[in-house]
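Participant: Got a file for you: start27.txt, compact mmCIF, C-alpha atoms.
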```
# COMPACT_ATOMS: atom_id res chain seq x y z
CA MET C 1 -2.12 66.16 124.26
CA SER C 2 -3.72 69.27 125.66
CA GLU C 3 -1.71 72.21 126.92
CA GLN C 4 -2.70 71.38 130.51
CA ILE C 5 -2.01 67.84 131.61
CA SER C 6 -2.51 65.96 134.83
CA CYS C 7 0.20 64.37 136.92
CA ASP C 8 -1.10 60.96 135.83
CA ALA C 9 -0.70 61.92 132.19
CA PHE C 10 2.78 63.20 132.89
CA GLU C 11 3.73 60.05 134.66
CA ALA C 12 2.55 57.95 131.73
CA ALA C 13 4.89 59.81 129.38
CA ALA C 14 7.79 60.48 131.76
CA ALA C 15 9.82 57.47 130.72
CA GLU C 16 9.64 58.40 127.04
CA LEU C 17 10.63 61.93 127.95
CA ALA C 18 13.56 60.63 130.00
CA PHE C 19 14.78 58.84 126.86
CA GLU C 20 14.15 62.02 124.84
CA LEU C 21 11.92 60.14 122.44
CA VAL C 22 8.88 62.40 122.41
CA GLU C 23 7.98 64.89 119.70
CA PRO C 24 8.98 68.50 120.36
CA ASP C 25 5.43 69.77 120.88
CA VAL C 26 4.65 67.00 123.36
CA ARG C 27 7.98 67.58 125.05
CA ASP C 28 7.15 71.23 125.55
CA VAL C 29 3.82 70.39 127.19
CA LEU C 30 5.44 67.83 129.49
CA LEU C 31 8.26 70.14 130.50
CA THR C 32 5.82 72.95 131.14
CA HIS C 33 3.95 70.69 133.53
CA ALA C 34 7.18 69.57 135.21
CA ALA C 35 8.26 73.16 135.68
CA GLY C 36 5.21 73.77 137.83
CA CYS C 37 5.07 70.45 139.67
CA ASP C 38 7.84 69.54 142.10
CA ARG C 39 6.83 65.90 142.32
CA CYS C 40 6.75 65.33 138.57
CA ARG C 41 9.96 67.27 138.08
CA ALA C 42 11.71 65.07 140.64
CA GLU C 43 10.27 61.97 139.00
CA LEU C 44 11.58 63.05 135.61
CA GLU C 45 15.00 63.87 137.00
CA SER C 46 15.43 60.50 138.66
CA LEU C 47 14.19 58.61 135.61
CA SER C 48 16.51 60.62 133.37
CA VAL C 49 19.53 59.76 135.49
CA THR C 50 18.74 56.07 135.13
CA ALA C 51 17.96 56.38 131.43
CA ASP C 52 21.29 58.09 130.82
CA LEU C 53 23.16 55.28 132.55
CA LEU C 54 21.78 52.63 130.20
CA VAL C 55 24.17 53.73 127.47
CA LEU C 56 26.92 52.14 129.53
CA LEU C 57 25.52 48.76 128.53
CA ALA C 58 26.32 49.18 124.86
CA PRO C 59 29.01 46.82 123.58
CA GLU C 60 32.31 48.33 122.59
CA GLY C 61 33.39 48.39 118.95
CA GLU C 62 36.63 48.88 117.07
CA PRO C 63 36.54 52.16 115.13
CA PRO C 64 38.04 52.37 111.63
CA ILE C 65 41.79 52.74 111.23
CA GLY C 66 42.86 56.35 111.59
CA PHE C 67 39.78 57.37 113.52
CA GLU C 68 41.73 58.60 116.53
CA GLN C 69 43.80 61.01 114.48
CA ARG C 70 40.82 62.29 112.51
CA ALA C 71 38.78 62.80 115.66
CA VAL C 72 41.54 64.70 117.45
CA GLU C 73 42.15 66.91 114.43
CA ALA C 74 38.44 67.66 114.24
CA MET C 75 38.35 68.46 117.94
CA VAL C 76 41.42 70.60 118.26
CA GLY C 77 41.51 72.25 114.84
CA ASP C 78 43.00 75.69 115.05
CA ARG C 79 40.93 76.80 118.00
CA ARG C 80 43.45 76.12 120.77
CA PRO C 81 44.31 77.46 123.17
CA ARG C 82 41.04 78.91 124.24
CA ARG C 83 40.98 81.76 126.67
CA TRP C 84 39.85 81.39 130.22
CA LEU C 85 37.23 84.10 130.15
CA ALA C 86 35.17 82.19 127.62
CA LEU C 87 35.58 79.02 129.61
CA VAL C 88 34.48 80.55 132.87
CA ALA C 89 31.41 81.91 131.13
CA ALA C 90 30.54 78.42 129.95
CA ALA C 91 31.52 76.44 133.00
CA ALA C 92 28.68 75.47 135.33
CA VAL C 93 30.26 72.97 137.63
CA LEU C 94 33.70 72.15 136.34
CA PHE C 95 35.74 75.29 136.82
CA VAL C 96 38.79 76.01 134.76
CA VAL C 97 40.79 78.75 136.31
CA GLY C 98 43.37 81.03 134.82
CA LEU C 99 44.35 79.87 131.40
CA GLY C 100 47.33 82.10 131.58
CA ILE C 101 50.31 81.71 129.39
CA GLY C 102 52.87 79.55 131.09
CA SER C 103 56.05 81.56 130.96
CA TRP C 104 58.49 79.09 132.40
CA ARG C 105 60.54 77.11 129.94
CA SER C 106 62.97 74.43 130.75
CA ASP C 107 66.52 75.17 129.72
CA ASP C 108 66.80 71.51 128.88
CA GLU C 109 63.80 69.78 127.32
CA SER C 110 65.02 66.44 128.62
CA THR C 111 64.20 67.58 132.14
CA SER C 112 60.48 67.85 131.35
CA THR C 113 58.63 65.59 133.70
CA PHE C 114 55.49 64.80 135.67
CA ARG C 115 54.66 64.29 139.29
CA GLN C 116 51.48 63.12 140.94
CA ALA C 117 50.50 62.76 144.60
CA ALA C 118 47.45 62.09 146.72
CA LEU C 119 45.79 64.90 148.65
CA VAL C 120 45.40 63.72 152.26
CA ASP C 121 44.61 65.29 155.59
CA ASP C 122 46.48 64.77 158.86
CA HIS C 123 44.58 61.55 159.47
CA GLY C 124 45.43 60.10 156.09
CA THR C 125 41.97 60.61 154.64
CA GLY C 126 42.13 61.10 150.89
CA PHE C 127 40.58 64.07 149.13
CA GLY C 128 41.70 63.38 145.58
CA SER C 129 44.97 63.90 143.81
CA VAL C 130 47.16 66.54 142.27
CA SER C 131 49.38 66.31 139.21
CA LEU C 132 52.14 68.62 138.09
CA ALA C 133 53.32 68.39 134.50
CA TRP C 134 55.65 70.54 132.55
CA SER C 135 57.14 70.76 129.12
CA ASP C 136 56.53 74.11 127.42
CA ASP C 137 54.15 75.10 130.20
CA VAL C 138 53.73 74.17 133.84
CA VAL C 139 50.28 72.82 134.57
CA LEU C 140 48.80 71.83 137.91
CA THR C 141 45.83 69.46 137.58
CA MET C 142 43.57 68.84 140.57
CA SER C 143 41.00 66.13 141.19
CA LEU C 144 39.15 66.91 144.41
CA LYS C 145 36.49 64.77 146.07
CA GLY C 146 34.94 64.16 149.44
CA LEU C 147 34.89 67.83 150.44
CA ASP C 148 32.09 69.71 152.12
CA ALA C 149 30.40 72.39 150.06
CA GLY C 150 32.17 75.73 150.21
CA ASP C 151 35.04 77.75 148.83
CA TYR C 152 38.56 76.30 148.97
CA ARG C 153 41.92 77.92 148.42
CA CYS C 154 44.73 76.22 146.60
CA LEU C 155 48.27 77.18 147.60
CA VAL C 156 51.56 75.97 146.24
CA GLU C 157 54.64 75.87 148.46
CA THR C 158 57.96 76.32 146.77
CA SER C 159 61.44 75.33 147.85
CA ASP C 160 62.22 78.88 149.04
CA GLY C 161 59.57 78.47 151.74
CA ARG C 162 57.04 80.77 150.12
CA SER C 163 53.35 79.98 149.70
CA HIS C 164 51.67 81.05 146.49
CA LEU C 165 47.90 81.42 146.37
CA ILE C 166 46.90 79.87 143.06
CA ALA C 167 43.13 80.14 143.06
CA THR C 168 39.97 79.88 145.11
CA TRP C 169 37.50 77.29 143.93
CA PRO C 170 33.90 76.61 144.90
CA ILE C 171 32.84 73.07 145.72
CA GLY C 172 29.17 72.20 145.49
CA ALA C 173 27.10 69.75 147.45
CA GLU C 174 28.49 66.87 145.41
CA GLY C 175 31.90 67.54 146.98
CA THR C 176 33.90 67.09 143.77
CA GLY C 177 35.74 69.28 141.30
CA TRP C 178 38.48 69.24 138.69
CA TRP C 179 40.77 72.03 137.61
CA ALA C 180 43.74 72.50 135.34
CA VAL C 181 45.78 75.54 136.27
CA PRO C 182 48.82 76.85 134.40
CA LEU C 183 51.44 77.98 136.95
CA GLN C 184 53.78 80.90 136.62
CA LEU C 185 56.37 79.06 138.66
CA ASP C 186 59.47 76.98 138.11
CA ALA C 187 58.06 73.45 138.29
CA ARG C 188 61.25 72.19 139.90
CA SER C 189 60.69 74.53 142.84
CA VAL C 190 57.20 73.22 143.67
CA ARG C 191 57.31 71.18 146.86
CA SER C 192 53.70 70.73 147.92
CA VAL C 193 50.12 71.73 147.27
CA LEU C 194 47.80 72.79 150.08
CA ILE C 195 44.04 72.99 150.14
CA GLN C 196 42.52 75.34 152.74
CA ASP C 197 38.93 76.11 153.52
CA ASP C 198 37.57 79.62 153.28
CA ASP C 199 38.82 80.44 156.78
CA GLY C 200 42.34 79.37 155.98
CA THR C 201 42.13 76.10 157.88
CA PRO C 202 44.23 73.39 156.24
CA VAL C 203 42.11 70.63 154.74
CA ALA C 204 44.54 68.47 152.78
CA SER C 205 47.97 68.56 151.24
CA ALA C 206 50.03 66.73 148.66
CA VAL C 207 53.80 66.52 148.71
CA LEU C 208 55.22 66.66 145.21
CA ASN C 209 58.90 67.05 145.89
CA MET R 1 51.35 71.32 123.91
CA VAL R 2 50.60 71.82 127.58
CA MET R 3 51.30 68.34 128.89
CA TRP R 4 53.00 65.34 127.38
CA THR R 5 50.72 62.55 126.30
CA SER R 6 52.42 59.95 128.48
CA HIS R 7 51.80 62.15 131.49
CA VAL R 8 48.23 62.94 130.59
CA GLU R 9 47.45 59.23 130.37
CA ARG R 10 47.69 59.06 134.15
CA LEU R 11 44.89 61.58 134.67
CA ASP R 12 41.37 60.47 135.50
CA ASP R 13 38.56 61.42 133.17
CA GLY R 14 37.47 64.45 135.17
CA ALA R 15 40.96 65.90 135.15
CA LEU R 16 41.24 65.13 131.45
CA LEU R 17 38.10 67.15 130.79
CA ALA R 18 39.53 70.03 132.79
CA ALA R 19 42.70 69.92 130.73
CA MET R 20 40.67 69.75 127.52
CA ALA R 21 38.61 72.73 128.58
CA ALA R 22 41.91 74.55 129.00
CA GLY R 23 42.76 73.73 125.37
CA ASP R 24 45.17 70.85 125.93
CA ALA R 25 45.40 68.87 122.70
CA ASN R 26 47.27 66.02 124.38
CA ALA R 27 44.40 65.57 126.79
CA ALA R 28 42.09 65.35 123.78
CA THR R 29 44.27 62.65 122.25
CA VAL R 30 44.27 60.60 125.44
CA PHE R 31 40.54 61.07 125.88
CA VAL R 32 39.79 59.83 122.36
CA ARG R 33 42.15 56.89 122.75
CA ARG R 34 40.55 55.95 126.05
CA HIS R 35 36.93 56.16 124.93
CA GLN R 36 36.78 55.66 121.17
CA ARG R 37 35.78 52.00 121.40
CA ALA R 38 32.93 52.77 123.75
CA VAL R 39 31.67 55.65 121.61
CA PHE R 40 31.96 53.78 118.33
CA GLY R 41 30.40 50.69 119.89
CA LEU R 42 27.31 52.59 120.95
CA ALA R 43 27.12 54.42 117.63
CA ILE R 44 27.33 51.25 115.54
CA THR R 45 24.82 49.54 117.84
CA MET R 46 22.31 52.32 117.37
CA CYS R 47 22.99 53.32 113.76
CA GLY R 48 23.97 50.00 112.21
CA ASP R 49 25.96 51.83 109.55
CA PRO R 50 29.75 52.02 109.96
CA ARG R 51 30.13 55.31 108.11
CA LEU R 52 27.30 56.93 109.98
CA ALA R 53 28.67 55.53 113.24
CA GLU R 54 32.07 57.05 112.50
CA ASP R 55 30.51 60.43 111.76
CA VAL R 56 28.52 60.31 114.98
CA SER R 57 31.57 59.21 116.95
CA GLN R 58 33.64 62.07 115.61
CA GLN R 59 30.87 64.54 116.36
CA THR R 60 30.69 63.15 119.89
CA PHE R 61 34.32 63.95 120.57
CA GLU R 62 33.99 67.38 119.00
CA ARG R 63 31.14 68.14 121.37
CA VAL R 64 33.05 66.78 124.33
CA TRP R 65 35.93 69.11 123.44
CA LYS R 66 33.60 72.04 122.98
CA HIS R 67 31.57 71.44 126.14
CA ALA R 68 34.20 69.93 128.45
CA GLY R 69 33.77 72.86 130.81
CA THR R 70 30.10 72.14 131.34
CA TYR R 71 30.40 68.55 132.53
CA ASP R 72 28.35 68.07 135.70
CA ALA R 73 29.79 65.36 137.92
CA ARG R 74 26.63 65.33 140.01
CA ARG R 75 24.63 63.85 137.16
CA ALA R 76 26.70 61.02 135.72
CA PRO R 77 30.19 59.60 135.36
CA VAL R 78 32.19 61.04 132.48
CA ARG R 79 31.67 57.97 130.32
CA ALA R 80 27.88 58.05 130.74
CA TRP R 81 27.83 61.79 130.00
CA MET R 82 29.85 61.26 126.85
CA LEU R 83 27.78 58.31 125.67
CA THR R 84 24.59 60.27 126.23
CA ILE R 85 25.94 62.76 123.70
CA THR R 86 26.56 59.88 121.30
CA ARG R 87 23.05 58.57 121.79
CA ARG R 88 21.45 61.95 121.12
CA LEU R 89 23.52 62.37 117.98
CA CYS R 90 22.51 58.90 116.81
CA ILE R 91 18.83 59.67 117.31
CA ASP R 92 19.17 62.94 115.43
CA SER R 93 21.06 61.23 112.66
CA PHE R 94 19.12 58.06 112.01
CA ARG R 95 15.80 59.84 112.05
CA THR R 96 16.80 60.81 108.53
CA ASN R 97 19.51 58.28 107.67
CA ARG R 98 18.48 55.02 109.35
CA SER R 99 19.65 52.07 107.32
CA THR R 100 19.62 48.69 109.03
CA PRO R 101 19.93 49.15 112.78
CA ILE R 102 21.48 46.37 114.75
CA ASP R 103 19.09 44.41 116.91
CA PRO R 104 19.82 45.66 120.43
CA PHE R 105 18.12 42.81 122.21
CA ASP R 106 21.03 40.41 122.41
CA LEU R 107 22.00 40.64 126.04
CA SER R 108 25.07 38.54 125.46
CA ALA R 109 26.56 41.57 123.72
CA LEU R 110 25.94 43.84 126.67
CA LEU R 111 29.21 43.34 128.44
CA PRO R 112 30.97 45.79 130.75
CA PRO R 113 33.44 48.11 128.99
CA ALA R 114 36.97 46.79 129.17
CA SER R 115 38.88 50.02 128.67
CA GLY R 116 39.05 53.42 130.35
CA SER R 117 40.93 55.14 133.09
CA VAL R 118 41.47 53.33 136.34
CA GLU R 119 39.15 55.59 138.30
CA ASP R 120 36.41 55.97 135.75
CA ALA R 121 36.59 52.33 134.78
CA ALA R 122 35.83 51.46 138.39
CA VAL R 123 32.79 53.71 138.27
CA ALA R 124 31.71 52.28 134.95
CA ARG R 125 32.15 48.70 136.11
CA ALA R 126 30.04 49.29 139.19
CA GLU R 127 27.36 51.05 137.15
CA VAL R 128 27.33 48.41 134.45
CA ARG R 129 27.30 45.50 136.85
CA GLY R 130 24.31 46.91 138.72
CA LEU R 131 22.48 47.81 135.54
CA HIS R 132 23.17 44.48 133.93
CA ASP R 133 21.87 42.58 136.94
CA ALA R 134 18.80 44.78 137.21
CA LEU R 135 18.13 44.43 133.50
CA LEU R 136 18.29 40.67 133.69
CA GLY R 137 15.77 40.81 136.52
CA LEU R 138 13.15 42.51 134.36
CA PRO R 139 10.40 40.55 132.66
CA PRO R 140 11.59 39.83 129.08
CA GLU R 141 8.84 41.92 127.50
CA GLN R 142 9.80 44.93 129.60
CA ARG R 143 13.48 44.40 128.89
CA ARG R 144 12.89 44.35 125.14
CA VAL R 145 10.97 47.60 125.23
CA LEU R 146 13.56 49.27 127.44
CA LEU R 147 16.47 48.29 125.19
CA GLN R 148 14.65 49.37 122.07
CA ALA R 149 14.02 52.79 123.60
CA SER R 150 17.51 53.15 125.04
CA LEU R 151 20.04 51.54 122.72
CA GLY R 152 17.62 51.43 119.78
CA GLY R 153 16.49 55.03 120.12
CA ARG R 154 12.99 54.00 119.02
CA THR R 155 9.82 55.84 119.94
CA ALA R 156 6.85 54.13 121.56
CA VAL R 157 5.03 54.13 118.24
CA GLU R 158 7.96 52.47 116.47
CA ILE R 159 8.32 49.88 119.20
CA ALA R 160 4.59 49.16 119.05
CA GLU R 161 4.87 48.45 115.33
CA ILE R 162 7.84 46.14 115.82
CA GLU R 163 6.34 44.30 118.75
CA GLN R 164 2.83 44.39 117.28
CA ILE R 165 1.34 45.57 120.54
CA PRO R 166 -0.67 48.70 121.42
CA VAL R 167 1.26 51.91 121.97
CA GLY R 168 -0.24 52.17 125.43
CA THR R 169 1.23 48.81 126.33
CA VAL R 170 4.65 49.96 125.19
CA LYS R 171 4.40 53.08 127.32
CA THR R 172 3.35 51.06 130.35
CA ARG R 173 6.16 48.52 129.95
CA LEU R 174 8.70 51.27 129.42
CA ARG R 175 7.57 53.17 132.49
CA LEU R 176 7.53 50.10 134.71
CA ALA R 177 10.91 48.92 133.49
CA LEU R 178 12.67 52.24 133.91
CA ALA R 179 11.12 52.83 137.33
CA ARG R 180 12.23 49.40 138.49
CA LEU R 181 15.77 49.97 137.26
CA ARG R 182 15.84 53.32 139.00
CA ASN R 183 14.79 51.74 142.26
CA GLU R 184 17.33 48.94 142.01
CA VAL R 185 20.38 50.77 140.72
CA ARG R 186 21.89 53.47 142.84
CA PRO R 187 23.94 55.80 140.67
CA VAL R 188 27.60 55.58 141.53
CA GLY R 189 29.34 58.94 141.67
CA VAL R 190 33.02 59.67 141.66
CA ASP R 191 32.90 59.97 145.41
CA ASP R 192 32.25 56.29 145.68
CA VAL R 193 35.47 55.25 144.03
```
Produce structure tokens that represent the structure in this file.
Facilitator:
Amino acid sequence: MSEQISCDAFEAAAAELAFELVEPDVRDVLLTHAAGCDRCRAELESLSVTADLLVLLAPEGEPPIGFEQRAVEAMVGDRRPRRWLALVAAAAVLFVVGLGIGSWRSDDESTSTFRQAALVDDHGTGFGSVSLAWSDDVVLTMSLKGLDAGDYRCLVETSDGRSHLIATWPIGAEGTGWWAVPLQLDARSVRSVLIQDDDGTPVASAVLN
Amino acid sequence: MVMWTSHVERLDDGALLAAMAAGDANAATVFVRRHQRAVFGLAITMCGDPRLAEDVSQQTFERVWKHAGTYDARRAPVRAWMLTITRRLCIDSFRTNRSTPIDPFDLSALLPPASGSVEDAAVARAEVRGLHDALLGLPPEQRRVLLQASLGGRTAVEIAEIEQIPVGTVKTRLRLALARLRNEVRPVGVDDV
């Protein structure tokens, strides 16, 4: 394949490229063409999305005994916990905010618990869910969806009536996002979670207590 | 430990990835438990060697742990993203270690995944149902080529040798099949659940 290829030549090889089955030198030529051709780049992107979905058709299989433990040990190793600065540097879409060190500890481990609630607006429209879990640390986990693109503020209301700004998160055009946020709060005092837009207008809330 | 395993089990896959990116080992445990059958199933389908499939499966989860913060929900559901990692690892691996790959043409084996989180399972079911139907609608010769490229990880040249047809014919069938699937299957995002 020559260094300069036509759109027809690209199209003929696009499916193979979407499956990542072309040799590196051919791949480079094809990607070079795509970089300079909006139509071919869009064609490759759409074919790649479909190609990636085909893996869902594979049959499931039972892994060997002990696989789960070996896999988790290989994953976690001695690298945890990682620090948030490194994560933010790596994160493109899924933003992990503030891997602080949870300072709150339950006086009684038996009180450790978990709460989960839907995030809804005044009309009952759902925008995801929020979970609060605590044992050694207090962690707020958010699953947001259905939002317009923009920046959103997350506030936690505690039983003393105070609102605590936890973080501001960007939502892209896809309208979704997930975050896990360690809280420096007594989990038992958390009453609700509020999501506001950049202007401070309430968008959705979840009552946890 | 940040969260207890029993609590983490209630999180959807996206939230699990967020927790994993924050270093939560319990989230990793739940994630592996939830997806290990899917990952190993794809690996054994592509590699045909149990030991190689286990190695690939373990590497898949290590990469998920390492790159959890880079997951892009706009592109694919979590399960598809994860299995794409498995597929790439399989291709890298069996280029040098291929033993006896399993024939990927048996459509009776291509059943929707039975496990997974409630939310992601719904996404996966919708994706798989649409894909399965669209796949069955392809001409058999196109379907064979598509499955060999996808779940077999075979190049056009390799497929041509197996099918004993010209490479150009393989490329044409592959292009037509993938384009038809694309046109018939609308990707289902998390918003649709």
Participant: Of the residues R:Glu141, R:Asp72, R:Glu163, R:Glu158, which is the one nearest to chain C, using only C-alpha atoms?
Facilitator: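 That would be R:Asp72, the residue with the smallest distance to chain C.
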Participant: Could you name the residues that touch Ser131 of chain C at 8 Å or less, counting only C-alpha atoms, but leaving out those on the same chain fewer than 3 positions away, as an MDAnalysis selection string?
Facilitator: (chainID C and resid 114:117 140:142) or (chainID R and resid 11)
Participant: Got a sec to check which residues sit within 9 Å of (32.9, 70.5, 146.4), counting all atoms listed in the file, and write them as a PyMOL selection string?
Facilitator: chain C and resi 144-152+169-177
Participant: Take atom CA of Ala42 of chain C and atom CA of Arg175 of chain R and report the distance between them in Å, one decimal.
Facilitator: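 Between atom CA of Ala42 of chain C and atom CA of Arg175 of chain R the gap works out to 15.0 Å.
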Participant: Calculated over all atoms listed in the file, which of the candidates R:Arg63, R:Ile91, R:Asp133, R:Gly14 has the smallest distance to Ala76 of chain R?
Facilitator: R:Gly14
Participant: Would you pick out the contacts of segment 31-35 of chain R at 12 Å or less, using all atoms listed in the file, so that residues sharing its chain but fewer than 6 positions from it are not included, and give the list as a short mmCIF file (atom, residue, chain, number, x, y, z; two decimals) with C-alpha atoms, in the coordinates of the input?
Facilitator:
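Contents of result-v4.cif, as written:
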```cif
data_model
loop_
_atom_site.label_atom_id
_atom_site.label_comp_id
_atom_site.auth_asym_id
_atom_site.auth_seq_id
_atom_site.Cartn_x
_atom_site.Cartn_y
_atom_site.Cartn_z
CA LEU C 56 26.92 52.14 129.53
CA GLU C 60 32.31 48.33 122.59
CA GLY C 61 33.39 48.39 118.95
CA GLU C 62 36.63 48.88 117.07
CA PRO C 63 36.54 52.16 115.13
CA GLY C 66 42.86 56.35 111.59
CA PHE C 67 39.78 57.37 113.52
CA GLU C 68 41.73 58.60 116.53
CA GLN C 69 43.80 61.01 114.48
CA ARG C 70 40.82 62.29 112.51
CA ALA C 71 38.78 62.80 115.66
CA VAL C 72 41.54 64.70 117.45
CA GLU C 73 42.15 66.91 114.43
CA ALA C 74 38.44 67.66 114.24
CA MET C 75 38.35 68.46 117.94
CA VAL C 76 41.42 70.60 118.26
CA THR R 5 50.72 62.55 126.30
CA VAL R 8 48.23 62.94 130.59
CA GLU R 9 47.45 59.23 130.37
CA ARG R 10 47.69 59.06 134.15
CA LEU R 11 44.89 61.58 134.67
CA ASP R 12 41.37 60.47 135.50
CA ASP R 13 38.56 61.42 133.17
CA GLY R 14 37.47 64.45 135.17
CA ALA R 15 40.96 65.90 135.15
CA LEU R 16 41.24 65.13 131.45
CA LEU R 17 38.10 67.15 130.79
CA ALA R 18 39.53 70.03 132.79
CA ALA R 19 42.70 69.92 130.73
CA MET R 20 40.67 69.75 127.52
CA ASP R 24 45.17 70.85 125.93
CA ALA R 25 45.40 68.87 122.70
CA GLY R 41 30.40 50.69 119.89
CA LEU R 42 27.31 52.59 120.95
CA SER R 57 31.57 59.21 116.95
CA GLN R 58 33.64 62.07 115.61
CA GLN R 59 30.87 64.54 116.36
CA THR R 60 30.69 63.15 119.89
CA PHE R 61 34.32 63.95 120.57
CA GLU R 62 33.99 67.38 119.00
CA VAL R 64 33.05 66.78 124.33
CA TRP R 65 35.93 69.11 123.44
CA ALA R 68 34.20 69.93 128.45
CA VAL R 78 32.19 61.04 132.48
CA ARG R 79 31.67 57.97 130.32
CA ALA R 80 27.88 58.05 130.74
CA TRP R 81 27.83 61.79 130.00
CA MET R 82 29.85 61.26 126.85
CA LEU R 83 27.78 58.31 125.67
CA THR R 86 26.56 59.88 121.30
CA PRO R 113 33.44 48.11 128.99
CA ALA R 114 36.97 46.79 129.17
CA SER R 115 38.88 50.02 128.67
CA GLY R 116 39.05 53.42 130.35
CA SER R 117 40.93 55.14 133.09
CA VAL R 118 41.47 53.33 136.34
CA ASP R 120 36.41 55.97 135.75
CA ALA R 121 36.59 52.33 134.78
CA ALA R 124 31.71 52.28 134.95
#
```
Participant: With only C-alpha atoms as the counted atoms, please give the residues lying no more than 8 Å from Arg87 of chain R, apart from itself and same-chain residues fewer than 3 positions off, as a count of residues only.
Facilitator: 10
Participant: Between C:Gly161, C:Gly128, C:Gly200, C:Pro59, which one has atoms that come closest to chain R, using all atoms listed in the file?
Facilitator: C:Pro59
Participant: Could you tell me how far atom CA of Gly124 of chain C sits from atom CA of Leu183 of chain C, in Å to one decimal place?
Facilitator: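 Between atom CA of Leu183 of chain C and atom CA of Gly124 of chain C the gap is 26.9 Å.
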Participant: From the list R:Val56, R:Leu181, R:Cys47, R:Val167, which residue is nearest chain C when using only C-alpha atoms?
Facilitator: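 Closest residue, counting only C-alpha atoms: R:Leu181.
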Participant: Under the rule that all atoms listed in the file are counted, which of C:Phe10, C:Phe19, C:Trp179, C:Phe127 is the nearest residue to Thr50 of chain C?
Facilitator: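 Closest to Thr50 of chain C of all the choices is C:Phe19.
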Participant: Rounded to one decimal, what separation in Å do you get between atom CA of Asp28 of chain C and atom CA of Glu11 of chain C?
Facilitator: 14.8 Å
Participant: Please define a box with edges along x, y and z of the file around all atoms of segment 7-16 of chain R given in the file, extend it by 3 Å on each side, and return its centre and edge lengths in Å to one decimal, as AutoDock Vina command-line options.
Facilitator:
```
--center_x 44.6 --center_y 62.5 --center_z 132.9 --size_x 20.3 --size_y 12.8 --size_z 11.1
```
Participant: Using all atoms listed in the file, pick whichever of R:Ala73, R:Leu52, R:Ile159, R:Leu89 has the shortest atom-to-atom distance to chain C.
Facilitator: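 That would be R:Ala73, the residue with the smallest distance to chain C.
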Participant: Write out as a ChimeraX atom specification which residues come within 6 Å of Val139 of chain C when counting only C-alpha atoms, dropping same-chain ones fewer than 5 positions away.
Facilitator: /C:132-133,181-183
Participant: List the neighbours of Arg188 of chain C out to 9 Å using only C-alpha atoms; skip same-chain residues closer than 4 positions along the sequence, and give me the result as a VMD selection string.
Facilitator: chain C and resid 158 to 159 209
Participant: Counting all atoms listed in the file, select every polymer residue within 8 Å of (42.7, 75.2, 149.6) as defined in the file's coordinates, and provide the selection as number ranges by chain.
Facilitator: C: 152-155, 168-169, 194-198, 200, 202-204
Participant: Mind filling out segment 48-56 of chain C with N, CA, C and O atoms and sending it as a PDB file, in the coordinates of the input?
Facilitator:
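Here's the written file result14.pdb:
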```pdb
ATOM      1  N   SER C  48      15.520  60.213 134.373  1.00  0.00           N
ATOM      2  CA  SER C  48      16.510  60.620 133.370  1.00  0.00           C
ATOM      3  C   SER C  48      17.913  60.154 133.754  1.00  0.00           C
ATOM      4  O   SER C  48      18.697  59.741 132.890  1.00  0.00           O
ATOM      5  N   VAL C  49      18.215  60.228 135.039  1.00  0.00           N
ATOM      6  CA  VAL C  49      19.530  59.760 135.490  1.00  0.00           C
ATOM      7  C   VAL C  49      19.705  58.279 135.166  1.00  0.00           C
ATOM      8  O   VAL C  49      20.735  57.852 134.645  1.00  0.00           O
ATOM      9  N   THR C  50      18.670  57.502 135.438  1.00  0.00           N
ATOM     10  CA  THR C  50      18.740  56.070 135.130  1.00  0.00           C
ATOM     11  C   THR C  50      18.795  55.830 133.627  1.00  0.00           C
ATOM     12  O   THR C  50      19.578  55.001 133.146  1.00  0.00           O
ATOM     13  N   ALA C  51      17.977  56.543 132.880  1.00  0.00           N
ATOM     14  CA  ALA C  51      17.960  56.380 131.430  1.00  0.00           C
ATOM     15  C   ALA C  51      19.332  56.683 130.828  1.00  0.00           C
ATOM     16  O   ALA C  51      19.815  55.972 129.942  1.00  0.00           O
ATOM     17  N   ASP C  52      19.979  57.720 131.342  1.00  0.00           N
ATOM     18  CA  ASP C  52      21.290  58.090 130.820  1.00  0.00           C
ATOM     19  C   ASP C  52      22.350  57.026 131.109  1.00  0.00           C
ATOM     20  O   ASP C  52      23.316  56.867 130.364  1.00  0.00           O
ATOM     21  N   LEU C  53      22.167  56.302 132.207  1.00  0.00           N
ATOM     22  CA  LEU C  53      23.160  55.280 132.550  1.00  0.00           C
ATOM     23  C   LEU C  53      23.092  54.062 131.640  1.00  0.00           C
ATOM     24  O   LEU C  53      24.068  53.317 131.499  1.00  0.00           O
ATOM     25  N   LEU C  54      21.944  53.838 131.019  1.00  0.00           N
ATOM     26  CA  LEU C  54      21.780  52.630 130.200  1.00  0.00           C
ATOM     27  C   LEU C  54      22.734  52.579 129.012  1.00  0.00           C
ATOM     28  O   LEU C  54      23.018  51.505 128.495  1.00  0.00           O
ATOM     29  N   VAL C  55      23.226  53.736 128.602  1.00  0.00           N
ATOM     30  CA  VAL C  55      24.170  53.730 127.470  1.00  0.00           C
ATOM     31  C   VAL C  55      25.454  52.996 127.831  1.00  0.00           C
ATOM     32  O   VAL C  55      26.195  52.555 126.946  1.00  0.00           O
ATOM     33  N   LEU C  56      25.711  52.862 129.121  1.00  0.00           N
ATOM     34  CA  LEU C  56      26.920  52.140 129.530  1.00  0.00           C
ATOM     35  C   LEU C  56      26.858  50.670 129.162  1.00  0.00           C
ATOM     36  O   LEU C  56      27.878  49.975 129.171  1.00  0.00           O
TER      37      LEU C  56
END
```
